[in-house]
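Chemist: Take a look at input-v7.txt, compact mmCIF, C-alpha atoms:
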# COMPACT_ATOMS: atom_id res chain seq x y z
CA ASP A 1 -1.90 17.20 -13.15
CA ILE A 2 -2.76 16.88 -9.45
CA PHE A 3 -4.37 13.50 -10.09
CA THR A 4 -1.13 11.71 -10.96
CA PRO A 5 -0.75 8.76 -8.56
CA GLU A 6 2.35 8.67 -6.36
CA THR A 7 4.78 5.89 -7.27
CA GLY A 8 7.55 6.23 -4.68
CA ALA A 9 6.45 3.84 -1.95
CA ARG A 10 6.63 0.14 -2.85
CA TRP A 11 5.08 -3.07 -1.54
CA LEU A 12 6.89 -6.32 -0.79
CA GLY A 13 4.27 -7.88 1.49
CA VAL A 14 6.25 -9.20 4.46
CA ARG A 15 6.14 -8.65 8.21
CA ILE A 16 9.61 -8.72 9.70
CA ARG A 17 10.70 -9.23 13.28
CA PHE A 18 12.73 -6.05 13.59
CA ASP A 19 14.63 -7.04 16.76
CA SER A 20 16.13 -10.25 15.34
CA ASN A 21 19.61 -10.67 13.89
CA PRO A 22 19.58 -11.71 11.15
CA LEU A 23 16.16 -10.24 10.33
CA LYS A 24 13.42 -12.86 10.31
CA ILE A 25 10.20 -12.91 8.27
CA ILE A 26 7.13 -13.35 10.51
CA SER A 27 4.38 -13.50 7.89
CA ILE A 28 3.68 -13.00 4.17
CA ASP A 29 0.73 -11.11 2.67
CA LYS A 30 -1.40 -13.19 0.30
CA ASP A 31 -0.84 -12.47 -3.42
CA SER A 32 2.04 -10.16 -2.53
CA PRO A 33 5.33 -9.88 -4.44
CA ALA A 34 6.97 -11.76 -1.56
CA GLU A 35 4.55 -14.69 -1.84
CA LYS A 36 4.89 -14.82 -5.62
CA ALA A 37 8.69 -14.82 -5.31
CA GLY A 38 8.62 -17.76 -2.87
CA LEU A 39 9.64 -16.07 0.37
CA GLN A 40 8.19 -17.82 3.44
CA PRO A 41 7.60 -17.17 7.14
CA ASP A 42 10.67 -17.99 9.28
CA ASP A 43 13.07 -17.18 6.41
CA GLN A 44 16.08 -15.28 7.75
CA ILE A 45 17.24 -12.41 5.54
CA LEU A 46 21.03 -12.53 5.29
CA GLN A 47 21.59 -10.14 2.38
CA VAL A 48 19.70 -7.92 -0.06
CA ASN A 49 21.35 -7.36 -3.43
CA GLY A 50 24.62 -8.62 -1.96
CA LYS A 51 24.60 -6.28 1.06
CA THR A 52 23.94 -7.24 4.68
CA PRO A 53 21.34 -4.99 6.33
CA LYS A 54 22.41 -3.64 9.72
CA GLY A 55 18.81 -3.72 10.86
CA PHE A 56 15.15 -3.26 9.99
CA ILE A 57 15.47 0.49 9.33
CA GLU A 58 18.29 0.06 6.82
CA LEU A 59 16.43 -2.76 5.04
CA ASN A 60 13.35 -0.56 4.80
CA GLN A 61 15.41 2.28 3.33
CA TRP A 62 16.79 -0.04 0.65
CA LEU A 63 13.33 -1.30 -0.28
CA ARG A 64 12.09 2.27 -0.68
CA ASP A 65 14.72 3.03 -3.35
CA VAL A 66 12.50 4.38 -6.13
CA ALA A 67 15.13 3.65 -8.77
CA GLN A 68 14.94 -0.08 -8.11
CA THR A 69 12.12 -2.64 -8.21
CA ASN A 70 14.00 -5.96 -8.42
CA PHE A 71 15.66 -7.25 -5.26
CA ALA A 72 17.70 -10.41 -4.67
CA PHE A 73 17.17 -11.75 -1.13
CA THR A 74 19.80 -14.15 0.20
CA ILE A 75 17.96 -16.08 2.88
CA GLN A 76 18.54 -18.98 5.20
CA ARG A 77 15.77 -21.58 5.36
CA ASP A 78 16.06 -24.81 7.31
CA GLY A 79 19.80 -24.29 7.59
CA GLN A 80 20.27 -23.82 3.84
CA LYS A 81 21.18 -20.61 2.05
CA GLN A 82 19.40 -19.62 -1.15
CA THR A 83 18.76 -16.51 -3.19
CA ILE A 84 15.23 -15.44 -4.14
CA SER A 85 14.42 -12.59 -6.51
CA ALA A 86 11.35 -10.44 -5.84
CA GLN A 87 9.91 -7.56 -7.83
CA LEU A 88 8.29 -4.91 -5.64
CA ILE A 89 5.28 -2.98 -6.89
CA PRO A 90 4.19 0.56 -5.95
CA PHE A 91 1.64 0.81 -3.13
CA ALA A 92 -0.56 2.71 -5.58
CA GLN A 93 -0.52 -0.29 -7.94
CA MET A 94 -1.47 -2.66 -5.10
CA ILE A 95 -4.43 -0.41 -4.19
CA ARG A 96 -5.51 -0.43 -7.85
CA GLN A 97 -5.28 -4.24 -8.00
CA ARG A 98 -7.36 -4.79 -4.85
CA LEU A 99 -9.96 -2.00 -5.09
CA GLY A 100 -9.95 -0.75 -8.68
CA LEU A 101 -9.01 2.85 -8.00
CA ASP A 102 -6.02 5.16 -8.27
CA ALA A 103 -5.14 7.09 -5.15
CA GLN A 104 -2.80 9.90 -4.20
CA GLU A 105 -1.36 10.96 -0.87
CA LEU A 106 -2.60 14.35 0.33
CA ARG A 107 0.68 16.14 0.82
CA ALA A 108 0.61 19.73 2.08
CA ASP A 109 0.38 21.63 -1.22
CA LEU A 110 -2.29 19.36 -2.70
CA ALA A 111 -4.31 19.24 0.53
CA THR A 112 -4.30 23.03 0.79
CA SER A 113 -5.50 23.42 -2.80
CA LEU A 114 -8.46 21.14 -1.98
CA GLY A 115 -9.34 22.80 1.31
CA LEU A 116 -8.21 19.81 3.40
CA ASN A 117 -5.67 19.13 6.13
CA PRO A 118 -2.52 17.35 4.94
CA PHE A 119 -2.63 13.55 5.19
CA VAL A 120 -6.29 13.45 6.22
CA GLY A 121 -6.70 10.53 3.82
CA LEU A 122 -6.04 9.33 0.27
CA LEU A 123 -7.46 11.30 -2.63
CA ILE A 124 -9.24 9.15 -5.23
CA ALA A 125 -7.57 10.12 -8.50
CA GLY A 126 -9.33 7.68 -10.84
CA VAL A 127 -11.76 4.75 -10.85
CA GLU A 128 -11.61 1.82 -13.29
CA LYS A 129 -14.84 0.63 -14.89
CA ASN A 130 -16.42 -2.63 -13.66
CA THR A 131 -14.37 -2.73 -10.45
CA PRO A 132 -15.33 -2.79 -6.75
CA ALA A 133 -14.68 0.96 -6.56
CA ALA A 134 -16.95 1.66 -9.54
CA GLN A 135 -19.70 -0.58 -8.14
CA ALA A 136 -19.50 1.33 -4.84
CA ARG A 137 -19.99 4.55 -6.86
CA LEU A 138 -16.67 6.06 -5.84
CA VAL A 139 -15.51 8.90 -8.09
CA PRO A 140 -12.38 11.05 -8.42
CA GLY A 141 -12.24 13.85 -5.88
CA MET A 142 -13.54 11.77 -2.97
CA VAL A 143 -11.11 11.16 -0.10
CA ILE A 144 -10.72 7.81 1.70
CA THR A 145 -10.03 8.52 5.40
CA ALA A 146 -10.30 4.99 6.86
CA ILE A 147 -10.54 1.35 5.77
CA ASN A 148 -12.24 -1.06 8.18
CA GLY A 149 -11.80 1.45 10.98
CA LYS A 150 -8.07 1.99 10.34
CA THR A 151 -7.15 5.54 9.41
CA VAL A 152 -5.24 5.83 6.12
CA PRO A 153 -3.30 9.11 6.11
CA ASP A 154 -0.78 7.70 3.63
CA PHE A 155 0.02 4.72 1.39
CA LEU A 156 1.87 2.84 4.12
CA ASN A 157 -1.17 2.78 6.42
CA ALA A 158 -3.51 1.99 3.52
CA MET A 159 -1.27 -0.90 2.50
CA GLY A 160 -1.48 -2.30 6.02
CA ALA A 161 -5.29 -2.25 5.86
CA ILE A 162 -5.68 -3.50 2.27
CA ALA A 163 -2.99 -6.20 2.31
CA ARG A 164 -5.01 -8.18 4.88
CA LEU A 165 -8.03 -8.34 2.58
CA LYS A 166 -8.61 -11.57 0.70
CA LYS A 167 -10.56 -11.80 -2.54
CA ASP A 168 -14.26 -10.97 -1.94
CA ASP A 169 -13.63 -9.72 1.60
CA ARG A 170 -15.87 -6.77 2.41
CA ALA A 171 -14.15 -3.49 3.24
CA THR A 172 -15.86 -0.52 4.85
CA LEU A 173 -14.43 2.76 3.61
CA ALA A 174 -14.96 6.06 5.42
CA ILE A 175 -14.90 8.79 2.79
CA LEU A 176 -15.23 12.53 2.37
CA VAL A 177 -17.56 13.48 -0.48
CA PRO A 178 -17.12 16.94 -2.09
CA GLN A 179 -20.31 19.03 -1.89
CA ARG A 180 -21.31 21.69 -4.41
CA ARG A 181 -24.08 24.23 -4.76
CA GLY A 182 -24.28 25.07 -8.41
CA ASN A 183 -20.73 25.88 -9.47
CA TYR A 184 -19.56 26.53 -5.92
CA PHE A 185 -17.65 24.08 -3.74
CA VAL A 186 -19.03 24.23 -0.19
CA GLY A 187 -17.06 21.53 1.65
CA TYR A 188 -16.98 17.79 2.31
CA GLN A 189 -19.65 15.44 3.66
CA PRO A 190 -18.54 12.31 5.59
CA ALA A 191 -19.98 9.04 4.31
CA GLN A 192 -19.36 5.28 4.30
CA VAL A 193 -19.30 2.75 1.48
CA ILE A 194 -18.82 -1.00 1.47
CA LEU A 195 -17.01 -2.78 -1.33
CA LYS A 196 -15.47 -6.18 -1.98
CA ALA A 197 -11.77 -6.63 -2.53
CA ARG A 198 -10.75 -8.38 -5.74
If you took the structure in this file and wrote it as structure tokens, what would it be?

Modeler:
Amino acid sequence: DIFTPETGARWLGVRIRFDSNPLKIISIDKDSPAEKAGLQPDDQILQVNGKTPKGFIELNQWLRDVAQTNFAFTIQRDGQKQTISAQLIPFAQMIRQRLGLDAQELRADLATSLGLNPFVGLLIAGVEKNTPAAQARLVPGMVITAINGKTVPDFLNAMGAIARLKKDDRATLAILVPQRRGNYFVGYQPAQVILKAR
């Protein structure tokens, strides 16, 4: 089924100063796994699951391990070491929580089958009833190309745009709407919708 949401990429909800050693947390996204776990800005990350990251890239690779969702962060805060456990959630789940829709990245084979360029946006795979997405009349088959002016070619970029939204913040979505004449698909029409994050 082409409308199965991707689950590989995961969300922790931290901004990290990548040129520091040890790595230092700059900020925490509201309602993120990091905030719920108790991580805080200025925490220094000493170890993850007992291993010391050599840098930001290696840490990012560890957090993208699809076989693992629970991570133990050994941090230093105010001169004291402590270990904090955080459970990451898939980017797709975060998008569902905030907007009420399931989305899928438009990788090459899927994009081609829909007559689109790869990574032109996120394909709406499903819409939950009584959610911001449903109220904005979004339906499966539409493609989200930008959120508040930020292009969203993949989950990582969408996460960056959505994670900043607080409850009831308004988000402007640029979308592509499939057009049909009778039983024939004739292309996509650009449009905009406004919805509130939840």

Chemist: If you count only C-alpha atoms, which residues fall within 12 Å of A:Ala136, apart from same-chain ones fewer than 5 positions away, as a PyMOL selection string?

Modeler: chain A and resi 99-101+127-131+170-173+175+191-197

Chemist: Measuring atom to atom with all atoms listed in the file, identify which of A:Arg10, A:Arg181, A:Lys150, A:Lys166 is nearest to A:Gln61.

Modeler: A:Arg10

Chemist: Of the candidates A:Pro22, A:Gly182, A:Gly121, A:Pro132, which shows the shortest atom-to-atom distance to A:Ala158, using all atoms listed in the file?

Modeler: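 Comparing A:Pro22, A:Gly182, A:Gly121, A:Pro132 against A:Ala158, the winner is A:Gly121.
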
Chemist: Using all atoms listed in the file, which of A:Pro178, A:Pro190, A:Gly126, A:Pro90 sits nearest A:Ala146?

Modeler: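 Ranked by minimum distance to A:Ala146, first place goes to A:Pro190.
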
Chemist: What does the distance between atom CA of A:Leu106 and atom CA of A:Leu123 come to in Å, to one decimal place?

Modeler: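 Computing the Euclidean distance for atom CA of A:Leu106 and atom CA of A:Leu123 yields 6.5 Å.
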
Chemist: Let me make sure I understand: among A:Ala37, A:Ala108, A:Arg98, A:Met142, which one has the smallest atom-to-atom distance to A:Asp169 if we use all atoms listed in the file?

Modeler: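 Nearest to A:Asp169: A:Arg98.
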
Chemist: For A:Gly38, which residue out of A:Leu110, A:Ile16, A:Ile75, A:Leu63 is the nearest one, using all atoms listed in the file?

Modeler: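 Looking at the shortest contact to A:Gly38, the residue is A:Ile75.
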
Chemist: Which neighbours of A:Pro153 fall inside 7 Å, counting all atoms listed in the file, when residues of the same chain fewer than 4 positions from it are skipped, and could you give them as a list of chain:residue names?

Modeler: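 These residues fall inside the cut-off: A:Phe119, A:Val120, A:Gly121, A:Leu122, A:Thr145, A:Asn157.
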